[in-house]
$ cat upload_12.pdb   # PDB, N, CA and C atoms
ATOM      1  N   MET A 237      30.835  24.027 -35.139
ATOM      2  CA  MET A 237      31.124  25.082 -34.197
ATOM      3  C   MET A 237      29.944  25.221 -33.226
ATOM      4  N   ALA A 238      30.201  25.145 -31.958
ATOM      5  CA  ALA A 238      29.159  25.218 -30.936
ATOM      6  C   ALA A 238      28.813  26.676 -30.659
ATOM      7  N   LYS A 239      27.516  26.931 -30.480
ATOM      8  CA  LYS A 239      27.076  28.285 -30.156
ATOM      9  C   LYS A 239      27.357  28.560 -28.692
ATOM     10  N   GLU A 240      27.874  29.727 -28.439
ATOM     11  CA  GLU A 240      28.104  30.119 -27.058
ATOM     12  C   GLU A 240      26.829  30.739 -26.500
ATOM     13  N   GLY A 241      26.590  30.557 -25.228
ATOM     14  CA  GLY A 241      25.412  31.125 -24.577
ATOM     15  C   GLY A 241      25.581  32.625 -24.324
ATOM     16  N   PHE A 242      24.469  33.235 -23.967
ATOM     17  CA  PHE A 242      24.450  34.676 -23.702
ATOM     18  C   PHE A 242      25.416  35.055 -22.587
ATOM     19  N   TRP A 243      25.371  34.327 -21.474
ATOM     20  CA  TRP A 243      26.214  34.671 -20.330
ATOM     21  C   TRP A 243      27.691  34.461 -20.644
ATOM     22  N   ASN A 244      28.003  33.449 -21.405
ATOM     23  CA  ASN A 244      29.385  33.192 -21.776
ATOM     24  C   ASN A 244      29.912  34.314 -22.674
ATOM     25  N   ARG A 245      29.109  34.723 -23.660
ATOM     26  CA  ARG A 245      29.535  35.824 -24.541
ATOM     27  C   ARG A 245      29.679  37.129 -23.771
ATOM     28  N   THR A 246      28.754  37.384 -22.840
ATOM     29  CA  THR A 246      28.822  38.610 -22.034
ATOM     30  C   THR A 246      30.080  38.621 -21.173
ATOM     31  N   PHE A 247      30.371  37.494 -20.541
ATOM     32  CA  PHE A 247      31.575  37.406 -19.723
ATOM     33  C   PHE A 247      32.819  37.668 -20.554
ATOM     34  N   HIS A 248      32.922  37.032 -21.725
ATOM     35  CA  HIS A 248      34.107  37.220 -22.564
ATOM     36  C   HIS A 248      34.207  38.645 -23.096
ATOM     37  N   LEU A 249      33.082  39.297 -23.341
ATOM     38  CA  LEU A 249      33.105  40.695 -23.771
ATOM     39  C   LEU A 249      33.786  41.562 -22.717
ATOM     40  N   TYR A 250      33.331  41.435 -21.464
ATOM     41  CA  TYR A 250      33.916  42.251 -20.402
ATOM     42  C   TYR A 250      35.339  41.802 -20.076
ATOM     43  N   TYR A 251      35.590  40.522 -20.082
ATOM     44  CA  TYR A 251      36.926  40.008 -19.782
ATOM     45  C   TYR A 251      37.947  40.539 -20.786
ATOM     46  N   ASP A 252      37.632  40.461 -22.077
ATOM     47  CA  ASP A 252      38.543  40.971 -23.102
ATOM     48  C   ASP A 252      38.697  42.485 -23.003
ATOM     49  N   GLY A 253      37.597  43.172 -22.675
ATOM     50  CA  GLY A 253      37.660  44.632 -22.542
ATOM     51  C   GLY A 253      38.560  45.061 -21.398
ATOM     52  N   PHE A 254      38.420  44.440 -20.237
ATOM     53  CA  PHE A 254      39.257  44.805 -19.103
ATOM     54  C   PHE A 254      40.708  44.382 -19.306
ATOM     55  N   ARG A 255      40.929  43.292 -19.984
ATOM     56  CA  ARG A 255      42.286  42.804 -20.219
ATOM     57  C   ARG A 255      43.062  43.760 -21.116
ATOM     58  N   SER A 256      42.359  44.396 -22.071
ATOM     59  CA  SER A 256      43.060  45.277 -23.014
ATOM     60  C   SER A 256      43.130  46.728 -22.527
ATOM     61  N   MET A 257      42.613  47.024 -21.371
ATOM     62  CA  MET A 257      42.653  48.397 -20.856
ATOM     63  C   MET A 257      44.052  48.769 -20.387
ATOM     64  N   THR A 258      44.377  50.068 -20.507
ATOM     65  CA  THR A 258      45.618  50.571 -19.910
ATOM     66  C   THR A 258      45.274  51.621 -18.856
ATOM     67  N   LEU A 259      44.690  52.732 -19.270
ATOM     68  CA  LEU A 259      44.303  53.777 -18.330
ATOM     69  C   LEU A 259      43.100  53.333 -17.496
ATOM     70  N   GLY A 260      42.231  52.551 -18.070
ATOM     71  CA  GLY A 260      41.022  52.109 -17.388
ATOM     72  C   GLY A 260      41.298  51.322 -16.130
ATOM     73  N   LYS A 261      42.367  50.547 -16.117
ATOM     74  CA  LYS A 261      42.696  49.762 -14.926
ATOM     75  C   LYS A 261      43.023  50.678 -13.753
ATOM     76  N   THR A 262      43.749  51.741 -14.039
ATOM     77  CA  THR A 262      44.087  52.708 -12.988
ATOM     78  C   THR A 262      42.833  53.403 -12.483
ATOM     79  N   LEU A 263      41.959  53.786 -13.389
ATOM     80  CA  LEU A 263      40.730  54.460 -12.982
ATOM     81  C   LEU A 263      39.836  53.539 -12.156
ATOM     82  N   TRP A 264      39.737  52.262 -12.562
ATOM     83  CA  TRP A 264      38.960  51.309 -11.778
ATOM     84  C   TRP A 264      39.571  51.108 -10.402
ATOM     85  N   ALA A 265      40.877  51.124 -10.308
ATOM     86  CA  ALA A 265      41.533  50.996  -8.996
ATOM     87  C   ALA A 265      41.170  52.190  -8.111
ATOM     88  N   VAL A 266      41.180  53.393  -8.675
ATOM     89  CA  VAL A 266      40.815  54.592  -7.908
ATOM     90  C   VAL A 266      39.359  54.502  -7.459
ATOM     91  N   ILE A 267      38.473  54.067  -8.350
ATOM     92  CA  ILE A 267      37.050  53.936  -8.000
ATOM     93  C   ILE A 267      36.864  52.931  -6.864
ATOM     94  N   LEU A 268      37.533  51.787  -6.933
ATOM     95  CA  LEU A 268      37.396  50.773  -5.886
ATOM     96  C   LEU A 268      37.946  51.247  -4.545
ATOM     97  N   ILE A 269      39.046  51.994  -4.586
ATOM     98  CA  ILE A 269      39.598  52.550  -3.337
ATOM     99  C   ILE A 269      38.624  53.545  -2.724
ATOM    100  N   LYS A 270      38.023  54.401  -3.554
ATOM    101  CA  LYS A 270      37.049  55.374  -3.046
ATOM    102  C   LYS A 270      35.827  54.672  -2.449
ATOM    103  N   LEU A 271      35.338  53.642  -3.112
ATOM    104  CA  LEU A 271      34.196  52.902  -2.583
ATOM    105  C   LEU A 271      34.538  52.243  -1.257
ATOM    106  N   PHE A 272      35.738  51.709  -1.146
ATOM    107  CA  PHE A 272      36.173  51.116   0.112
ATOM    108  C   PHE A 272      36.169  52.160   1.218
ATOM    109  N   ILE A 273      36.705  53.332   0.933
ATOM    110  CA  ILE A 273      36.747  54.402   1.939
ATOM    111  C   ILE A 273      35.328  54.819   2.323
ATOM    112  N   ILE A 274      34.456  54.981   1.350
ATOM    113  CA  ILE A 274      33.097  55.441   1.633
ATOM    114  C   ILE A 274      32.334  54.415   2.475
ATOM    115  N   PHE A 275      32.361  53.165   2.078
ATOM    116  CA  PHE A 275      31.508  52.182   2.729
ATOM    117  C   PHE A 275      32.123  51.516   3.951
ATOM    118  N   VAL A 276      33.408  51.471   4.071
ATOM    119  CA  VAL A 276      34.020  50.783   5.211
ATOM    120  C   VAL A 276      34.555  51.778   6.228
ATOM    121  N   VAL A 277      35.443  52.648   5.819
ATOM    122  CA  VAL A 277      36.093  53.553   6.764
ATOM    123  C   VAL A 277      35.099  54.540   7.362
ATOM    124  N   LEU A 278      34.268  55.155   6.523
ATOM    125  CA  LEU A 278      33.312  56.128   7.055
ATOM    126  C   LEU A 278      32.277  55.473   7.959
ATOM    127  N   LYS A 279      31.870  54.267   7.660
ATOM    128  CA  LYS A 279      30.898  53.586   8.518
ATOM    129  C   LYS A 279      31.486  53.318   9.899
ATOM    130  N   ILE A 280      32.723  52.930   9.933
ATOM    131  CA  ILE A 280      33.352  52.622  11.219
ATOM    132  C   ILE A 280      33.432  53.866  12.104
ATOM    133  N   PHE A 281      33.821  55.005  11.527
ATOM    134  CA  PHE A 281      34.071  56.192  12.340
ATOM    135  C   PHE A 281      32.867  57.108  12.502
ATOM    136  N   PHE A 282      31.973  57.176  11.535
ATOM    137  CA  PHE A 282      30.915  58.167  11.588
ATOM    138  C   PHE A 282      29.510  57.608  11.766
ATOM    139  N   PHE A 283      29.315  56.321  11.620
ATOM    140  CA  PHE A 283      27.992  55.741  11.753
ATOM    141  C   PHE A 283      28.014  54.603  12.760
ATOM    142  N   PRO A 284      27.955  54.938  14.047
ATOM    143  CA  PRO A 284      27.986  53.882  15.060
ATOM    144  C   PRO A 284      26.685  53.079  15.035
ATOM    145  N   ASN A 285      26.711  51.915  15.622
ATOM    146  CA  ASN A 285      25.541  51.056  15.675
ATOM    147  C   ASN A 285      24.615  51.549  16.784
ATOM    148  N   PHE A 286      23.701  52.434  16.435
ATOM    149  CA  PHE A 286      22.802  53.068  17.395
ATOM    150  C   PHE A 286      21.879  52.049  18.049
ATOM    151  N   LEU A 287      21.401  51.114  17.265
ATOM    152  CA  LEU A 287      20.424  50.153  17.764
ATOM    153  C   LEU A 287      21.011  49.261  18.848
ATOM    154  N   SER A 288      22.241  48.818  18.681
ATOM    155  CA  SER A 288      22.832  47.927  19.683
ATOM    156  C   SER A 288      23.130  48.660  20.991
ATOM    157  N   SER A 289      23.329  49.982  20.932
ATOM    158  CA  SER A 289      23.603  50.722  22.159
ATOM    159  C   SER A 289      22.328  51.132  22.902
ATOM    160  N   HIS A 290      21.164  51.068  22.245
ATOM    161  CA  HIS A 290      19.929  51.498  22.891
ATOM    162  C   HIS A 290      18.925  50.366  23.115
ATOM    163  N   ALA A 291      19.119  49.239  22.501
ATOM    164  CA  ALA A 291      18.195  48.121  22.676
ATOM    165  C   ALA A 291      18.978  46.881  23.087
ATOM    166  N   GLY A 292      18.361  46.063  23.907
ATOM    167  CA  GLY A 292      19.007  44.838  24.354
ATOM    168  C   GLY A 292      19.020  43.788  23.256
ATOM    169  N   LYS A 293      19.751  42.730  23.506
ATOM    170  CA  LYS A 293      19.852  41.634  22.547
ATOM    171  C   LYS A 293      18.481  40.981  22.364
ATOM    172  N   GLY A 294      18.021  40.911  21.127
ATOM    173  CA  GLY A 294      16.726  40.315  20.829
ATOM    174  C   GLY A 294      15.549  41.256  20.960
ATOM    175  N   GLU A 295      15.773  42.493  21.412
ATOM    176  CA  GLU A 295      14.699  43.470  21.595
ATOM    177  C   GLU A 295      14.744  44.594  20.565
ATOM    178  N   GLU A 296      15.497  44.374  19.496
ATOM    179  CA  GLU A 296      15.658  45.429  18.502
ATOM    180  C   GLU A 296      14.342  45.788  17.820
ATOM    181  N   ALA A 297      13.549  44.789  17.463
ATOM    182  CA  ALA A 297      12.278  45.042  16.769
ATOM    183  C   ALA A 297      11.312  45.809  17.666
ATOM    184  N   ASP A 298      11.261  45.448  18.941
ATOM    185  CA  ASP A 298      10.382  46.161  19.867
ATOM    186  C   ASP A 298      10.826  47.609  20.047
ATOM    187  N   PHE A 299      12.125  47.828  20.114
ATOM    188  CA  PHE A 299      12.645  49.188  20.262
ATOM    189  C   PHE A 299      12.269  50.050  19.060
ATOM    190  N   VAL A 300      12.447  49.511  17.860
ATOM    191  CA  VAL A 300      12.119  50.262  16.647
ATOM    192  C   VAL A 300      10.626  50.554  16.581
ATOM    193  N   ALA A 301       9.799  49.558  16.880
ATOM    194  CA  ALA A 301       8.351  49.755  16.857
ATOM    195  C   ALA A 301       7.919  50.808  17.870
ATOM    196  N   THR A 302       8.478  50.748  19.061
ATOM    197  CA  THR A 302       8.135  51.731  20.094
ATOM    198  C   THR A 302       8.540  53.132  19.670
ATOM    199  N   GLU A 303       9.742  53.281  19.128
ATOM    200  CA  GLU A 303      10.198  54.599  18.687
ATOM    201  C   GLU A 303       9.310  55.152  17.584
ATOM    202  N   LEU A 304       8.953  54.323  16.626
ATOM    203  CA  LEU A 304       8.107  54.786  15.526
ATOM    204  C   LEU A 304       6.732  55.211  16.024
ATOM    205  N   LEU A 305       6.131  54.397  16.873
ATOM    206  CA  LEU A 305       4.795  54.718  17.361
ATOM    207  C   LEU A 305       4.802  55.921  18.281
ATOM    208  N   ASP A 306       5.808  56.058  19.131
ATOM    209  CA  ASP A 306       5.872  57.210  20.032
ATOM    210  C   ASP A 306       6.078  58.506  19.260
ATOM    211  N   ARG A 307       6.880  58.485  18.231
ATOM    212  CA  ARG A 307       7.119  59.702  17.454
ATOM    213  C   ARG A 307       5.894  60.109  16.657
ATOM    214  N   VAL A 308       5.100  59.145  16.217
ATOM    215  CA  VAL A 308       3.876  59.470  15.486
ATOM    216  C   VAL A 308       2.838  60.021  16.441
ATOM    217  N   ALA A 309       2.773  59.502  17.663
ATOM    218  CA  ALA A 309       1.753  59.906  18.616
ATOM    219  C   ALA A 309       2.011  61.291  19.190
ATOM    220  N   GLU A 310       3.255  61.738  19.224
ATOM    221  CA  GLU A 310       3.559  63.045  19.795
ATOM    222  C   GLU A 310       3.144  64.150  18.829
ATOM    223  N   PRO A 311       2.507  65.203  19.353
ATOM    224  CA  PRO A 311       2.187  66.333  18.474
ATOM    225  C   PRO A 311       3.460  67.099  18.130
ATOM    226  N   PRO A 312       3.492  67.743  16.990
ATOM    227  CA  PRO A 312       4.696  68.491  16.630
ATOM    228  C   PRO A 312       4.901  69.672  17.568
ATOM    229  N   LYS A 313       6.149  69.955  17.840
ATOM    230  CA  LYS A 313       6.489  71.062  18.733
ATOM    231  C   LYS A 313       6.667  72.317  17.893
ATOM    232  N   LEU A 314       5.921  73.369  18.267
ATOM    233  CA  LEU A 314       5.990  74.608  17.493
ATOM    234  C   LEU A 314       7.183  75.460  17.886
ATOM    235  N   GLY A 315       7.653  75.323  19.089
ATOM    236  CA  GLY A 315       8.840  76.064  19.497
ATOM    237  C   GLY A 315       8.601  77.549  19.687
ATOM    238  N   GLY A 316       7.466  77.928  20.243
ATOM    239  CA  GLY A 316       7.212  79.345  20.495
ATOM    240  C   GLY A 316       6.581  80.023  19.298
ATOM    241  N   TRP A 317       6.770  81.320  19.231
ATOM    242  CA  TRP A 317       6.175  82.112  18.171
ATOM    243  C   TRP A 317       7.073  82.072  16.949
ATOM    244  N   GLY A 318       6.646  81.362  15.940
ATOM    245  CA  GLY A 318       7.398  81.294  14.691
ATOM    246  C   GLY A 318       6.993  82.412  13.755
ATOM    247  N   ALA A 319       7.672  82.504  12.624
ATOM    248  CA  ALA A 319       7.393  83.562  11.655
ATOM    249  C   ALA A 319       5.981  83.445  11.095
ATOM    250  N   GLU A 320       5.517  82.207  10.865
ATOM    251  CA  GLU A 320       4.161  82.027  10.321
ATOM    252  C   GLU A 320       3.113  82.482  11.329
ATOM    253  N   GLN A 321       3.331  82.177  12.603
ATOM    254  CA  GLN A 321       2.374  82.594  13.619
ATOM    255  C   GLN A 321       2.344  84.113  13.728
ATOM    256  N   LYS A 322       3.501  84.760  13.672
ATOM    257  CA  LYS A 322       3.549  86.218  13.726
ATOM    258  C   LYS A 322       2.836  86.828  12.525
ATOM    259  N   LYS A 323       3.023  86.216  11.349
ATOM    260  CA  LYS A 323       2.361  86.723  10.148
ATOM    261  C   LYS A 323       0.851  86.595  10.277
ATOM    262  N   ARG A 324       0.372  85.452  10.790
ATOM    263  CA  ARG A 324      -1.075  85.271  10.975
ATOM    264  C   ARG A 324      -1.618  86.276  11.984
ATOM    265  N   ASP A 325      -0.892  86.470  13.090
ATOM    266  CA  ASP A 325      -1.354  87.420  14.098
ATOM    267  C   ASP A 325      -1.383  88.831  13.549
ATOM    268  N   ASN A 326      -0.374  89.192  12.771
ATOM    269  CA  ASN A 326      -0.335  90.520  12.177
ATOM    270  C   ASN A 326      -1.493  90.700  11.195
ATOM    271  N   ASN A 327      -1.743  89.693  10.375
ATOM    272  CA  ASN A 327      -2.855  89.772   9.430
ATOM    273  C   ASN A 327      -4.188  89.867  10.154
ATOM    274  N   ASN A 328      -4.360  89.098  11.227
ATOM    275  CA  ASN A 328      -5.601  89.173  12.000
ATOM    276  C   ASN A 328      -5.770  90.549  12.616
ATOM    277  N   HIS A 329      -4.681  91.115  13.084
ATOM    278  CA  HIS A 329      -4.740  92.469  13.659
ATOM    279  C   HIS A 329      -5.160  93.489  12.605
ATOM    280  N   ILE A 330      -4.583  93.377  11.409
ATOM    281  CA  ILE A 330      -4.929  94.301  10.325
ATOM    282  C   ILE A 330      -6.391  94.144   9.935
ATOM    283  N   ILE A 331      -6.845  92.902   9.814
ATOM    284  CA  ILE A 331      -8.245  92.669   9.439
ATOM    285  C   ILE A 331      -9.185  93.185  10.524
ATOM    286  N   ASN A 332      -8.855  92.924  11.786
ATOM    287  CA  ASN A 332      -9.711  93.413  12.872
ATOM    288  C   ASN A 332      -9.770  94.929  12.886
ATOM    289  N   ARG A 333      -8.635  95.585  12.703
ATOM    290  CA  ARG A 333      -8.608  97.051  12.677
ATOM    291  C   ARG A 333      -9.411  97.579  11.487
ATOM    292  N   TRP A 334      -9.263  96.913  10.325
ATOM    293  CA  TRP A 334      -9.992  97.341   9.136
ATOM    294  C   TRP A 334     -11.493  97.161   9.335
ATOM    295  N   GLU A 335     -11.894  96.034   9.967
ATOM    296  CA  GLU A 335     -13.315  95.798  10.215
ATOM    297  C   GLU A 335     -13.894  96.848  11.155
ATOM    298  N   ASP A 336     -13.100  97.287  12.153
ATOM    299  CA  ASP A 336     -13.583  98.329  13.058
ATOM    300  C   ASP A 336     -13.791  99.648  12.317
ATOM    301  N   GLU A 337     -12.868  99.983  11.410
ATOM    302  CA  GLU A 337     -12.947 101.259  10.694
ATOM    303  C   GLU A 337     -13.970 101.228   9.569
ATOM    304  N   HIS A 338     -14.152 100.074   8.920
ATOM    305  CA  HIS A 338     -15.015  99.964   7.747
ATOM    306  C   HIS A 338     -16.101  98.908   7.970
ATOM    307  N   SER A 339     -16.850  99.054   8.981
ATOM    308  CA  SER A 339     -17.841  98.031   9.293
ATOM    309  C   SER A 339     -18.932  97.935   8.232
ATOM    310  N   SER A 340     -19.121  98.967   7.420
ATOM    311  CA  SER A 340     -20.159  98.903   6.390
ATOM    312  C   SER A 340     -19.614  98.414   5.046
ATOM    313  N   ASP A 341     -18.274  98.369   4.830
ATOM    314  CA  ASP A 341     -17.698  97.905   3.568
ATOM    315  C   ASP A 341     -17.795  96.376   3.476
ATOM    316  N   PRO A 342     -18.073  95.812   2.268
ATOM    317  CA  PRO A 342     -18.269  94.373   2.157
ATOM    318  C   PRO A 342     -16.977  93.535   2.111
ATOM    319  N   GLN A 343     -15.847  94.061   1.595
ATOM    320  CA  GLN A 343     -14.625  93.256   1.403
ATOM    321  C   GLN A 343     -13.483  93.707   2.303
ATOM    322  N   PRO A 344     -12.822  92.783   3.028
ATOM    323  CA  PRO A 344     -11.603  93.155   3.761
ATOM    324  C   PRO A 344     -10.430  93.264   2.783
ATOM    325  N   PRO A 345      -9.323  93.869   3.186
ATOM    326  CA  PRO A 345      -8.186  94.017   2.271
ATOM    327  C   PRO A 345      -7.536  92.681   1.956
ATOM    328  N   ASN A 346      -6.927  92.574   0.770
ATOM    329  CA  ASN A 346      -6.186  91.381   0.372
ATOM    330  C   ASN A 346      -4.780  91.492   0.940
ATOM    331  N   LEU A 347      -4.422  90.573   1.814
ATOM    332  CA  LEU A 347      -3.120  90.652   2.494
ATOM    333  C   LEU A 347      -2.058  89.813   1.821
ATOM    334  N   GLY A 348      -2.388  89.083   0.779
ATOM    335  CA  GLY A 348      -1.400  88.303   0.042
ATOM    336  C   GLY A 348      -0.877  87.116   0.825
ATOM    337  N   GLY A 349      -1.632  86.479   1.617
ATOM    338  CA  GLY A 349      -1.106  85.326   2.317
ATOM    339  C   GLY A 349      -2.156  84.625   3.006
TER     340      GLY A 349
END
$ encode --input "upload_12.pdb" --output "structure tokens"
Amino acid sequence: MAKEGFWNRTFHLYYDGFRSMTLGKTLWAVILIKLFIIFVVLKIFFFPNFLSSHAGKGEEADFVATELLDRVAEPPKLGGWGAEQKKRDNNNHIINRWEDEHSSDPQPPNLGG
């Protein structure tokens, strides 16, 4: 009797398992249909090829490099007075007012932030 190899035994294990399935075949069909919808249909309608519409043929690498370097070089945009800036300004105002009133006291108040 010849010994079967690892890959041959593994293949026959799965082959016999799938062959004897009843409900499993239906479930695998549903899984494959869902994967098809996710990877094929959604890509076609919701994920257009951005690179081909913004870079010329053969210039894709240069376009990506330029975009990456330009985005790193730009400073972040704060967008006006944010909540953190208002909190810092309010805390500075409180500390300044406290320092004016208590110029001889050693510790300013703990503002929790």
$ atom_distance --input "upload_12.pdb" --atom1 "atom CA of A:Leu287" --atom2 "atom CA of A:Phe272"
23.7 Å
$ atom_distance --input "upload_12.pdb" --atom1 "atom N of A:Val276" --atom2 "atom CA of A:Thr246"
29.5 Å
$ atom_distance --input "upload_12.pdb" --atom1 "atom N of A:Ala265" --atom2 "atom C of A:Phe282"
25.7 Å
